[in-house]
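Engineer: What follows is the file data_22.pdb, containing PDB, C-alpha atoms:
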```
ATOM      1  CA  MET A   1       0.004  27.895 -20.450  1.00  0.00           C
ATOM      2  CA  SER A   2       3.679  27.341 -21.309  1.00  0.00           C
ATOM      3  CA  ASN A   3       5.364  24.016 -20.614  1.00  0.00           C
ATOM      4  CA  PHE A   4       7.399  25.701 -17.869  1.00  0.00           C
ATOM      5  CA  GLU A   5       4.219  26.907 -16.155  1.00  0.00           C
ATOM      6  CA  SER A   6       2.551  23.548 -16.534  1.00  0.00           C
ATOM      7  CA  VAL A   7       5.568  21.742 -15.014  1.00  0.00           C
ATOM      8  CA  PHE A   8       5.732  24.346 -12.225  1.00  0.00           C
ATOM      9  CA  ASP A   9       2.049  23.683 -11.481  1.00  0.00           C
ATOM     10  CA  GLY A  10       2.716  19.938 -11.309  1.00  0.00           C
ATOM     11  CA  VAL A  11       5.755  20.457  -9.086  1.00  0.00           C
ATOM     12  CA  LYS A  12       3.688  22.681  -6.803  1.00  0.00           C
ATOM     13  CA  THR A  13       0.960  20.021  -6.487  1.00  0.00           C
ATOM     14  CA  VAL A  14       3.531  17.353  -5.608  1.00  0.00           C
ATOM     15  CA  ILE A  15       5.194  19.586  -2.994  1.00  0.00           C
ATOM     16  CA  LEU A  16       1.847  20.423  -1.385  1.00  0.00           C
ATOM     17  CA  GLU A  17       1.060  16.694  -1.130  1.00  0.00           C
ATOM     18  CA  ALA A  18       4.433  15.748   0.321  1.00  0.00           C
ATOM     19  CA  THR A  19       4.863  18.597   2.806  1.00  0.00           C
ATOM     20  CA  SER A  20       2.654  20.635   5.093  1.00  0.00           C
ATOM     21  CA  VAL A  21       3.394  24.030   3.521  1.00  0.00           C
ATOM     22  CA  THR A  22       0.779  26.392   2.080  1.00  0.00           C
ATOM     23  CA  GLU A  23       0.574  27.167  -1.627  1.00  0.00           C
ATOM     24  CA  SER A  24       1.927  30.693  -1.220  1.00  0.00           C
ATOM     25  CA  ALA A  25       5.205  29.306   0.180  1.00  0.00           C
ATOM     26  CA  VAL A  26       5.906  27.352  -3.002  1.00  0.00           C
ATOM     27  CA  HIS A  27       7.647  29.809  -5.311  1.00  0.00           C
ATOM     28  CA  LEU A  28      10.527  29.219  -7.705  1.00  0.00           C
ATOM     29  CA  ASP A  29      13.256  30.529  -5.373  1.00  0.00           C
ATOM     30  CA  ALA A  30      12.035  28.607  -2.315  1.00  0.00           C
ATOM     31  CA  SER A  31      14.621  26.248  -0.844  1.00  0.00           C
ATOM     32  CA  ILE A  32      13.121  22.778  -0.500  1.00  0.00           C
ATOM     33  CA  ARG A  33      14.897  22.096   2.790  1.00  0.00           C
ATOM     34  CA  GLU A  34      15.031  25.533   4.445  1.00  0.00           C
ATOM     35  CA  ASP A  35      11.881  27.282   3.226  1.00  0.00           C
ATOM     36  CA  LEU A  36       9.576  24.320   2.713  1.00  0.00           C
ATOM     37  CA  GLY A  37      10.889  22.304   5.672  1.00  0.00           C
ATOM     38  CA  ALA A  38      11.248  19.105   3.645  1.00  0.00           C
ATOM     39  CA  ASP A  39      13.548  16.504   5.213  1.00  0.00           C
ATOM     40  CA  SER A  40      15.592  13.998   3.217  1.00  0.00           C
ATOM     41  CA  LEU A  41      12.691  11.516   3.080  1.00  0.00           C
ATOM     42  CA  ASP A  42      10.299  14.229   1.851  1.00  0.00           C
ATOM     43  CA  SER A  43      12.824  15.129  -0.849  1.00  0.00           C
ATOM     44  CA  ILE A  44      12.968  11.531  -2.086  1.00  0.00           C
ATOM     45  CA  GLU A  45       9.165  11.407  -1.928  1.00  0.00           C
ATOM     46  CA  ILE A  46       8.965  14.545  -4.081  1.00  0.00           C
ATOM     47  CA  VAL A  47      11.390  13.129  -6.665  1.00  0.00           C
ATOM     48  CA  MET A  48       9.492   9.799  -6.892  1.00  0.00           C
ATOM     49  CA  ALA A  49       6.164  11.630  -7.196  1.00  0.00           C
ATOM     50  CA  LEU A  50       7.565  13.817  -9.997  1.00  0.00           C
ATOM     51  CA  GLU A  51       8.861  10.735 -11.833  1.00  0.00           C
ATOM     52  CA  ASP A  52       5.360   9.247 -11.760  1.00  0.00           C
ATOM     53  CA  LYS A  53       3.538  12.479 -12.552  1.00  0.00           C
ATOM     54  CA  PHE A  54       5.670  13.368 -15.560  1.00  0.00           C
ATOM     55  CA  GLY A  55       6.732   9.862 -16.632  1.00  0.00           C
ATOM     56  CA  VAL A  56      10.413  10.738 -16.420  1.00  0.00           C
ATOM     57  CA  GLN A  57      13.419   9.287 -14.644  1.00  0.00           C
ATOM     58  CA  LEU A  58      15.538  11.577 -12.467  1.00  0.00           C
ATOM     59  CA  SER A  59      19.032  10.260 -11.858  1.00  0.00           C
ATOM     60  CA  GLU A  60      20.366  10.016  -8.306  1.00  0.00           C
ATOM     61  CA  GLU A  61      23.120  12.517  -9.101  1.00  0.00           C
ATOM     62  CA  ALA A  62      20.558  14.955 -10.465  1.00  0.00           C
ATOM     63  CA  ALA A  63      18.326  14.511  -7.438  1.00  0.00           C
ATOM     64  CA  GLU A  64      21.239  15.268  -5.111  1.00  0.00           C
ATOM     65  CA  LYS A  65      21.788  18.651  -6.803  1.00  0.00           C
ATOM     66  CA  ILE A  66      18.213  19.817  -6.351  1.00  0.00           C
ATOM     67  CA  ARG A  67      18.038  22.696  -3.879  1.00  0.00           C
ATOM     68  CA  THR A  68      15.140  24.931  -4.954  1.00  0.00           C
ATOM     69  CA  VAL A  69      11.704  24.598  -6.530  1.00  0.00           C
ATOM     70  CA  ASN A  70      13.179  26.036  -9.726  1.00  0.00           C
ATOM     71  CA  ASP A  71      15.778  23.209  -9.741  1.00  0.00           C
ATOM     72  CA  LEU A  72      12.913  20.690  -9.612  1.00  0.00           C
ATOM     73  CA  VAL A  73      11.154  22.356 -12.545  1.00  0.00           C
ATOM     74  CA  GLU A  74      14.394  22.525 -14.547  1.00  0.00           C
ATOM     75  CA  PHE A  75      15.218  18.872 -13.863  1.00  0.00           C
ATOM     76  CA  VAL A  76      11.761  17.759 -14.988  1.00  0.00           C
ATOM     77  CA  LEU A  77      12.037  19.885 -18.150  1.00  0.00           C
ATOM     78  CA  SER A  78      15.501  18.497 -18.850  1.00  0.00           C
ATOM     79  CA  ALA A  79      14.330  14.897 -18.261  1.00  0.00           C
ATOM     80  CA  GLN A  80      11.356  15.505 -20.581  1.00  0.00           C
ATOM     81  CA  GLY A  81      13.760  16.859 -23.215  1.00  0.00           C
ATOM     82  CA  LYS A  82      16.010  13.800 -22.953  1.00  0.00           C
ATOM     83  CA  LYS A  83      12.980  11.498 -23.163  1.00  0.00           C
ATOM     84  CA  ALA A  84      11.668  13.308 -26.250  1.00  0.00           C
ATOM     85  CA  ALA A  85      15.109  13.144 -27.871  1.00  0.00           C
ATOM     86  CA  ALA A  86      15.345   9.403 -27.145  1.00  0.00           C
ATOM     87  CA  VAL A  87      11.898   8.789 -28.672  1.00  0.00           C
ATOM     88  CA  GLY A  88      12.539  11.079 -31.660  1.00  0.00           C
TER
ATOM     89  CA  MET B  89      -2.491   3.693 -11.687  1.00  0.00           C
ATOM     90  CA  SER B  90      -0.316   6.152  -9.860  1.00  0.00           C
ATOM     91  CA  SER B  91       1.906   4.547  -7.268  1.00  0.00           C
ATOM     92  CA  VAL B  92       0.899   7.146  -4.722  1.00  0.00           C
ATOM     93  CA  VAL B  93      -1.927   6.078  -2.511  1.00  0.00           C
ATOM     94  CA  LYS B  94      -3.572   8.625  -0.313  1.00  0.00           C
ATOM     95  CA  VAL B  95      -5.982   7.557   2.308  1.00  0.00           C
ATOM     96  CA  CYS B  96      -8.580   9.724   3.955  1.00  0.00           C
ATOM     97  CA  VAL B  97      -7.519  10.256   7.544  1.00  0.00           C
ATOM     98  CA  ASP B  98     -10.990   9.679   9.011  1.00  0.00           C
ATOM     99  CA  ALA B  99     -11.584   6.486   7.027  1.00  0.00           C
ATOM    100  CA  ARG B 100      -9.203   4.440   9.214  1.00  0.00           C
ATOM    101  CA  PRO B 101      -8.142   1.621   6.864  1.00  0.00           C
ATOM    102  CA  CYS B 102      -6.710  -1.543   8.446  1.00  0.00           C
ATOM    103  CA  LEU B 103      -8.120  -0.472  11.796  1.00  0.00           C
ATOM    104  CA  THR B 104      -6.789  -2.721  14.535  1.00  0.00           C
ATOM    105  CA  THR B 105      -7.539  -2.453  18.220  1.00  0.00           C
ATOM    106  CA  ALA B 106      -6.216  -3.904  21.463  1.00  0.00           C
ATOM    107  CA  VAL B 107      -6.908  -3.403  25.137  1.00  0.00           C
ATOM    108  CA  PHE B 108      -4.105  -2.298  27.433  1.00  0.00           C
ATOM    109  CA  ASP B 109      -4.112  -2.399  31.219  1.00  0.00           C
ATOM    110  CA  PRO B 110      -1.169  -0.560  32.777  1.00  0.00           C
ATOM    111  CA  LYS B 111       1.007  -2.920  34.814  1.00  0.00           C
ATOM    112  CA  PRO B 112       2.327  -1.946  38.256  1.00  0.00           C
ATOM    113  CA  TYR B 113       5.879  -1.751  36.876  1.00  0.00           C
ATOM    114  CA  GLU B 114       4.770   0.645  34.109  1.00  0.00           C
ATOM    115  CA  VAL B 115       3.622   3.297  36.565  1.00  0.00           C
ATOM    116  CA  ASP B 116       6.059   5.816  38.018  1.00  0.00           C
ATOM    117  CA  PHE B 117       6.206   7.213  41.579  1.00  0.00           C
ATOM    118  CA  THR B 118       3.453   9.770  40.845  1.00  0.00           C
ATOM    119  CA  GLY B 119       0.982   6.973  40.030  1.00  0.00           C
ATOM    120  CA  PHE B 120       0.822   7.834  36.348  1.00  0.00           C
ATOM    121  CA  LEU B 121       1.823   5.655  33.434  1.00  0.00           C
ATOM    122  CA  SER B 122       5.431   6.205  32.431  1.00  0.00           C
ATOM    123  CA  ASN B 123       5.581   8.064  29.128  1.00  0.00           C
ATOM    124  CA  THR B 124       7.954   5.429  27.727  1.00  0.00           C
ATOM    125  CA  VAL B 125       5.124   2.872  27.722  1.00  0.00           C
ATOM    126  CA  ALA B 126       3.281   4.697  24.917  1.00  0.00           C
ATOM    127  CA  THR B 127       5.953   3.819  22.348  1.00  0.00           C
ATOM    128  CA  ARG B 128       5.762   0.127  23.326  1.00  0.00           C
ATOM    129  CA  TRP B 129       1.973   0.117  23.051  1.00  0.00           C
ATOM    130  CA  MET B 130       2.308   1.714  19.614  1.00  0.00           C
ATOM    131  CA  GLU B 131       4.758  -0.993  18.577  1.00  0.00           C
ATOM    132  CA  ASP B 132       2.410  -3.714  19.879  1.00  0.00           C
ATOM    133  CA  LEU B 133      -0.489  -2.244  17.925  1.00  0.00           C
ATOM    134  CA  ARG B 134       1.460  -1.787  14.693  1.00  0.00           C
ATOM    135  CA  VAL B 135       2.749  -5.368  14.823  1.00  0.00           C
ATOM    136  CA  LYS B 136      -0.829  -6.585  15.463  1.00  0.00           C
ATOM    137  CA  MET B 137      -2.076  -4.567  12.473  1.00  0.00           C
ATOM    138  CA  MET B 138       0.604  -6.113  10.252  1.00  0.00           C
ATOM    139  CA  ARG B 139      -0.329  -9.621  11.437  1.00  0.00           C
ATOM    140  CA  GLU B 140      -4.066  -9.056  10.952  1.00  0.00           C
ATOM    141  CA  HIS B 141      -4.044  -7.129   7.669  1.00  0.00           C
ATOM    142  CA  PHE B 142      -0.735  -7.984   6.006  1.00  0.00           C
ATOM    143  CA  SER B 143      -0.200 -11.577   7.143  1.00  0.00           C
ATOM    144  CA  ASP B 144       1.075 -12.595   3.696  1.00  0.00           C
ATOM    145  CA  PHE B 145       3.686  -9.817   3.651  1.00  0.00           C
ATOM    146  CA  ASP B 146       7.046 -11.225   4.703  1.00  0.00           C
ATOM    147  CA  VAL B 147       8.649  -8.478   6.806  1.00  0.00           C
ATOM    148  CA  GLY B 148      11.773 -10.629   7.145  1.00  0.00           C
ATOM    149  CA  LYS B 149      12.616 -10.441   3.429  1.00  0.00           C
ATOM    150  CA  SER B 150      15.473  -8.090   2.617  1.00  0.00           C
ATOM    151  CA  GLU B 151      13.405  -6.363  -0.105  1.00  0.00           C
ATOM    152  CA  ASN B 152      10.712  -5.587   2.460  1.00  0.00           C
ATOM    153  CA  LEU B 153      12.978  -3.816   4.930  1.00  0.00           C
ATOM    154  CA  SER B 154      11.085  -1.018   6.603  1.00  0.00           C
ATOM    155  CA  VAL B 155      12.339   1.439   9.215  1.00  0.00           C
ATOM    156  CA  ILE B 156      10.627   3.995  11.390  1.00  0.00           C
ATOM    157  CA  VAL B 157      11.873   7.511  10.742  1.00  0.00           C
ATOM    158  CA  LYS B 158       9.611   9.548  12.995  1.00  0.00           C
ATOM    159  CA  THR B 159       7.398   9.039  16.034  1.00  0.00           C
ATOM    160  CA  GLU B 160       5.076  11.698  17.440  1.00  0.00           C
ATOM    161  CA  ILE B 161       3.106  11.259  20.639  1.00  0.00           C
ATOM    162  CA  ASN B 162       0.583  13.662  22.143  1.00  0.00           C
ATOM    163  CA  TYR B 163       0.079  12.974  25.827  1.00  0.00           C
ATOM    164  CA  VAL B 164      -3.459  14.335  25.980  1.00  0.00           C
ATOM    165  CA  HIS B 165      -4.415  13.136  29.449  1.00  0.00           C
ATOM    166  CA  PRO B 166      -2.503  11.190  32.110  1.00  0.00           C
ATOM    167  CA  ILE B 167      -3.144   7.457  32.437  1.00  0.00           C
ATOM    168  CA  ARG B 168      -3.289   5.853  35.885  1.00  0.00           C
ATOM    169  CA  TYR B 169      -2.789   2.329  37.129  1.00  0.00           C
ATOM    170  CA  GLY B 170      -6.240   0.665  37.032  1.00  0.00           C
ATOM    171  CA  ASP B 171      -7.391   2.494  33.883  1.00  0.00           C
ATOM    172  CA  HIS B 172      -8.543   0.258  31.028  1.00  0.00           C
ATOM    173  CA  ILE B 173      -7.357   1.576  27.713  1.00  0.00           C
ATOM    174  CA  GLU B 174      -8.455   0.752  24.196  1.00  0.00           C
ATOM    175  CA  GLY B 175      -5.774   1.422  21.646  1.00  0.00           C
ATOM    176  CA  SER B 176      -6.393   1.763  17.908  1.00  0.00           C
ATOM    177  CA  VAL B 177      -4.041   1.885  14.975  1.00  0.00           C
ATOM    178  CA  TRP B 178      -4.815   2.506  11.325  1.00  0.00           C
ATOM    179  CA  LEU B 179      -3.017   3.329   8.134  1.00  0.00           C
ATOM    180  CA  GLY B 180      -2.890   7.098   7.749  1.00  0.00           C
ATOM    181  CA  LYS B 181      -1.177   7.431   4.386  1.00  0.00           C
ATOM    182  CA  VAL B 182       0.874   5.424   1.947  1.00  0.00           C
ATOM    183  CA  LEU B 183       2.958   7.579  -0.338  1.00  0.00           C
ATOM    184  CA  HIS B 184       5.679   6.678  -2.866  1.00  0.00           C
ATOM    185  CA  CYS B 185       8.396   5.745  -0.383  1.00  0.00           C
ATOM    186  CA  GLN B 186       6.817   6.240   3.016  1.00  0.00           C
ATOM    187  CA  TRP B 187       3.927   5.077   5.115  1.00  0.00           C
ATOM    188  CA  GLN B 188       2.223   6.712   8.068  1.00  0.00           C
ATOM    189  CA  VAL B 189       0.234   4.985  10.779  1.00  0.00           C
ATOM    190  CA  ARG B 190      -1.917   6.807  13.308  1.00  0.00           C
ATOM    191  CA  PHE B 191      -2.742   5.807  16.859  1.00  0.00           C
ATOM    192  CA  GLU B 192      -5.389   6.668  19.395  1.00  0.00           C
ATOM    193  CA  PHE B 193      -5.697   5.442  22.975  1.00  0.00           C
ATOM    194  CA  LYS B 194      -9.029   6.004  24.712  1.00  0.00           C
ATOM    195  CA  HIS B 195     -10.329   5.326  28.192  1.00  0.00           C
ATOM    196  CA  LYS B 196     -12.443   2.198  27.744  1.00  0.00           C
ATOM    197  CA  THR B 197     -15.092   3.367  30.228  1.00  0.00           C
ATOM    198  CA  ASN B 198     -15.660   7.026  29.368  1.00  0.00           C
ATOM    199  CA  GLY B 199     -14.235   7.158  25.831  1.00  0.00           C
ATOM    200  CA  GLU B 200     -11.892  10.026  26.671  1.00  0.00           C
ATOM    201  CA  THR B 201      -8.888  10.330  24.357  1.00  0.00           C
ATOM    202  CA  LEU B 202      -5.724   9.930  26.418  1.00  0.00           C
ATOM    203  CA  LEU B 203      -2.972   9.579  23.858  1.00  0.00           C
ATOM    204  CA  THR B 204      -2.656  10.098  20.128  1.00  0.00           C
ATOM    205  CA  GLY B 205       0.339   9.254  18.005  1.00  0.00           C
ATOM    206  CA  LEU B 206       1.857   9.024  14.582  1.00  0.00           C
ATOM    207  CA  GLN B 207       4.627   6.892  13.162  1.00  0.00           C
ATOM    208  CA  ILE B 208       6.243   7.550   9.800  1.00  0.00           C
ATOM    209  CA  GLY B 209       8.300   4.853   8.185  1.00  0.00           C
ATOM    210  CA  ALA B 210      10.063   4.145   4.927  1.00  0.00           C
ATOM    211  CA  PHE B 211      11.025   1.077   2.967  1.00  0.00           C
ATOM    212  CA  VAL B 212      14.763   1.075   2.380  1.00  0.00           C
ATOM    213  CA  ASP B 213      17.249  -0.853   0.294  1.00  0.00           C
ATOM    214  CA  SER B 214      18.887  -3.330   2.652  1.00  0.00           C
ATOM    215  CA  LYS B 215      22.373  -2.656   1.251  1.00  0.00           C
ATOM    216  CA  THR B 216      22.399   1.101   0.618  1.00  0.00           C
ATOM    217  CA  LEU B 217      19.688   2.053   3.159  1.00  0.00           C
ATOM    218  CA  ILE B 218      18.329   4.520   0.589  1.00  0.00           C
ATOM    219  CA  PRO B 219      14.518   4.767   0.579  1.00  0.00           C
ATOM    220  CA  ILE B 220      12.840   2.704  -2.123  1.00  0.00           C
ATOM    221  CA  ARG B 221       9.283   2.580  -3.426  1.00  0.00           C
ATOM    222  CA  VAL B 222       6.595   1.023  -1.248  1.00  0.00           C
ATOM    223  CA  PRO B 223       6.281  -2.672  -2.233  1.00  0.00           C
ATOM    224  CA  LYS B 224       3.523  -3.373  -4.757  1.00  0.00           C
ATOM    225  CA  MET B 225       1.798  -5.782  -2.375  1.00  0.00           C
ATOM    226  CA  ILE B 226       1.221  -3.054   0.212  1.00  0.00           C
ATOM    227  CA  GLU B 227       0.119  -0.613  -2.472  1.00  0.00           C
ATOM    228  CA  SER B 228      -2.344  -3.108  -4.019  1.00  0.00           C
ATOM    229  CA  LYS B 229      -3.799  -3.871  -0.621  1.00  0.00           C
ATOM    230  CA  ILE B 230      -4.581  -0.210  -0.003  1.00  0.00           C
ATOM    231  CA  VAL B 231      -5.914   0.323  -3.509  1.00  0.00           C
ATOM    232  CA  SER B 232      -8.327  -2.626  -3.057  1.00  0.00           C
ATOM    233  CA  TRP B 233      -9.370  -1.226   0.298  1.00  0.00           C
ATOM    234  CA  ILE B 234     -10.131   2.192  -1.230  1.00  0.00           C
ATOM    235  CA  THR B 235     -11.979   0.574  -4.174  1.00  0.00           C
ATOM    236  CA  ALA B 236     -14.117  -1.529  -1.810  1.00  0.00           C
ATOM    237  CA  LYS B 237     -14.865   1.555   0.278  1.00  0.00           C
ATOM    238  CA  GLU B 238     -15.865   3.575  -2.795  1.00  0.00           C
ATOM    239  CA  GLU B 239     -18.165   0.808  -4.039  1.00  0.00           C
ATOM    240  CA  LYS B 240     -20.119   0.765  -0.751  1.00  0.00           C
TER
END
```
For the file at hand, write its structure as structure tokens.

Structural biologist:
Amino acid sequence: MSNFESVFDGVKTVILEATSVTESAVHLDASIREDLGADSLDSIEIVMALEDKFGVQLSEEAAEKIRTVNDLVEFVLSAQGKKAAAVG
Amino acid sequence: MSSVVKVCVDARPCLTTAVFDPKPYEVDFTGFLSNTVATRWMEDLRVKMMREHFSDFDVGKSENLSVIVKTEINYVHPIRYGDHIEGSVWLGKVLHCQWQVRFEFKHKTNGETLLTGLQIGAFVDSKTLIPIRVPKMIESKIVSWITAKEEK
């Protein structure tokens, strides 16, 4: 499983815990607000859960730009990259 | 330990109960309890739960500021003046930045469910009003409750 797929799986798990949608609704193009019905509190919940799950820090500015599931995956991957660069 | 704490809905942690008797001024012209009373009963129960189970948690501290963001009430069966009601509240879920409490009001004599409800709240920064993580004290309390339950 690629890192992208593994992060997508983690993102999917977090979304399923924070919202009441079914697994089939969580695809990369799904809008977090419109398709998954997440309100602003759910969105913050998802970001905090991702920070804990992946041990990364998502900046407030970054979190504000997140619109789709793919954005969440990309932000986690980017945060992981920054973390690895800081450690290396 | 992950900061997310999920609680099984049927386990009813921090269960708190109280008896409610509708007052004459809470009943409307049809003889049924006014639907506005349910929210007050829910508030009474939630405050009682906090006093009984989180007495050492200072809700007045600015870092413990919590707000209700959603209330749901299902009016399952009408309540009349003279009915004796037993209300229950318990912690439904504690997530990263939000908590959920569930309510049930039953007829004390026949056990019929009359009202059910849900409140969702969040801890917020007192200056920015942006949701913040659930305070560690609340999280630890729930984790110890789950651990004790699992050990039984």

Engineer: Could you list, as a VMD selection string, every residue matched by the ChimeraX specification (/B :<7) & /A in this structure?

Structural biologist: chain A and resid 45 48 to 49 52

Engineer: For this file, the PyMOL selection byres ((chain A and resi 69-78) around 9) selects which residues, as a PyMOL selection string?

Structural biologist: chain A and resi 3-4+7-8+10-12+15+26-32+47+50-51+54+56-58+62-63+65-68+79-83

Engineer: Might you pull out every residue within 9 Å of Gly37 (chain A), with all atoms listed in the file counted and same-chain residues fewer than 3 positions away left off, and present them as a VMD selection string?

Structural biologist: chain A and resid 19 to 21 31 to 34 42

Engineer: Tell me which residues the PyMOL selection byres ((chain B and resi 193) around 8) grabs here, as a JSON list (two decimals) with C-alpha atoms, in the frame of the given file.

Structural biologist:
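Contents of out_11.json, as written:
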```json
[["chain", "number", "residue", "atom", "x", "y", "z"],
["B", 173, "ILE", "CA", -7.36, 1.58, 27.71],
["B", 174, "GLU", "CA", -8.46, 0.75, 24.20],
["B", 175, "GLY", "CA", -5.77, 1.42, 21.65],
["B", 176, "SER", "CA", -6.39, 1.76, 17.91],
["B", 191, "PHE", "CA", -2.74, 5.81, 16.86],
["B", 192, "GLU", "CA", -5.39, 6.67, 19.40],
["B", 194, "LYS", "CA", -9.03, 6.00, 24.71],
["B", 195, "HIS", "CA", -10.33, 5.33, 28.19],
["B", 201, "THR", "CA", -8.89, 10.33, 24.36],
["B", 202, "LEU", "CA", -5.72, 9.93, 26.42],
["B", 203, "LEU", "CA", -2.97, 9.58, 23.86],
["B", 204, "THR", "CA", -2.66, 10.10, 20.13]]
```

Engineer: Please report the interatomic distance between CA of Arg190 (chain B) and CA of Leu41 (chain A) in Å with one decimal.

Structural biologist: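 The value is 18.4 Å.
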
Engineer: Provide the CA of Pro166 (chain B) to CA of Phe117 (chain B) distance in Å, to one decimal place.

Structural biologist: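 Separating CA of Pro166 (chain B) from CA of Phe117 (chain B) is a distance of 13.5 Å.
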
Engineer: May I ask for the distance between CA of Leu103 (chain B) and CA of Trp178 (chain B), given in Å to one decimal place?

Structural biologist: 4.5 Å

Engineer: Which polymer residues, protein or nucleic acid, are no farther than 12 Å from (2.7, -1.0, 21.9), counting all atoms listed in the file, as a VMD selection string?

Structural biologist: chain B and resid 105 to 110 123 to 137 173 to 177 191 to 193 205 207

Engineer: Excluding Gln188 (chain B) and any residue of its chain fewer than 2 positions from it, enumerate the residues within 6 Å of it, using all atoms listed in the file, and give them as a PyMOL selection string.

Structural biologist: chain B and resi 180-181+207-208

Engineer: Return as JSON the centre and edge lengths, in Å with one decimal, of the box along x, y and z that encloses every atom of region 130-142 of chain B in the file, padded by 4 Å per side.

Structural biologist:
```
{"center_x": 0.3, "center_y": -4.0, "center_z": 12.9, "size_x": 16.8, "size_y": 19.3, "size_z": 21.9}
```

Engineer: My list of candidates is B:Leu206, B:Arg139, B:Thr118, B:Phe145. Which is closest to Ile161 (chain B) when distances are computed with only C-alpha atoms?

Structural biologist: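 The closest residue to Ile161 (chain B) is B:Leu206.
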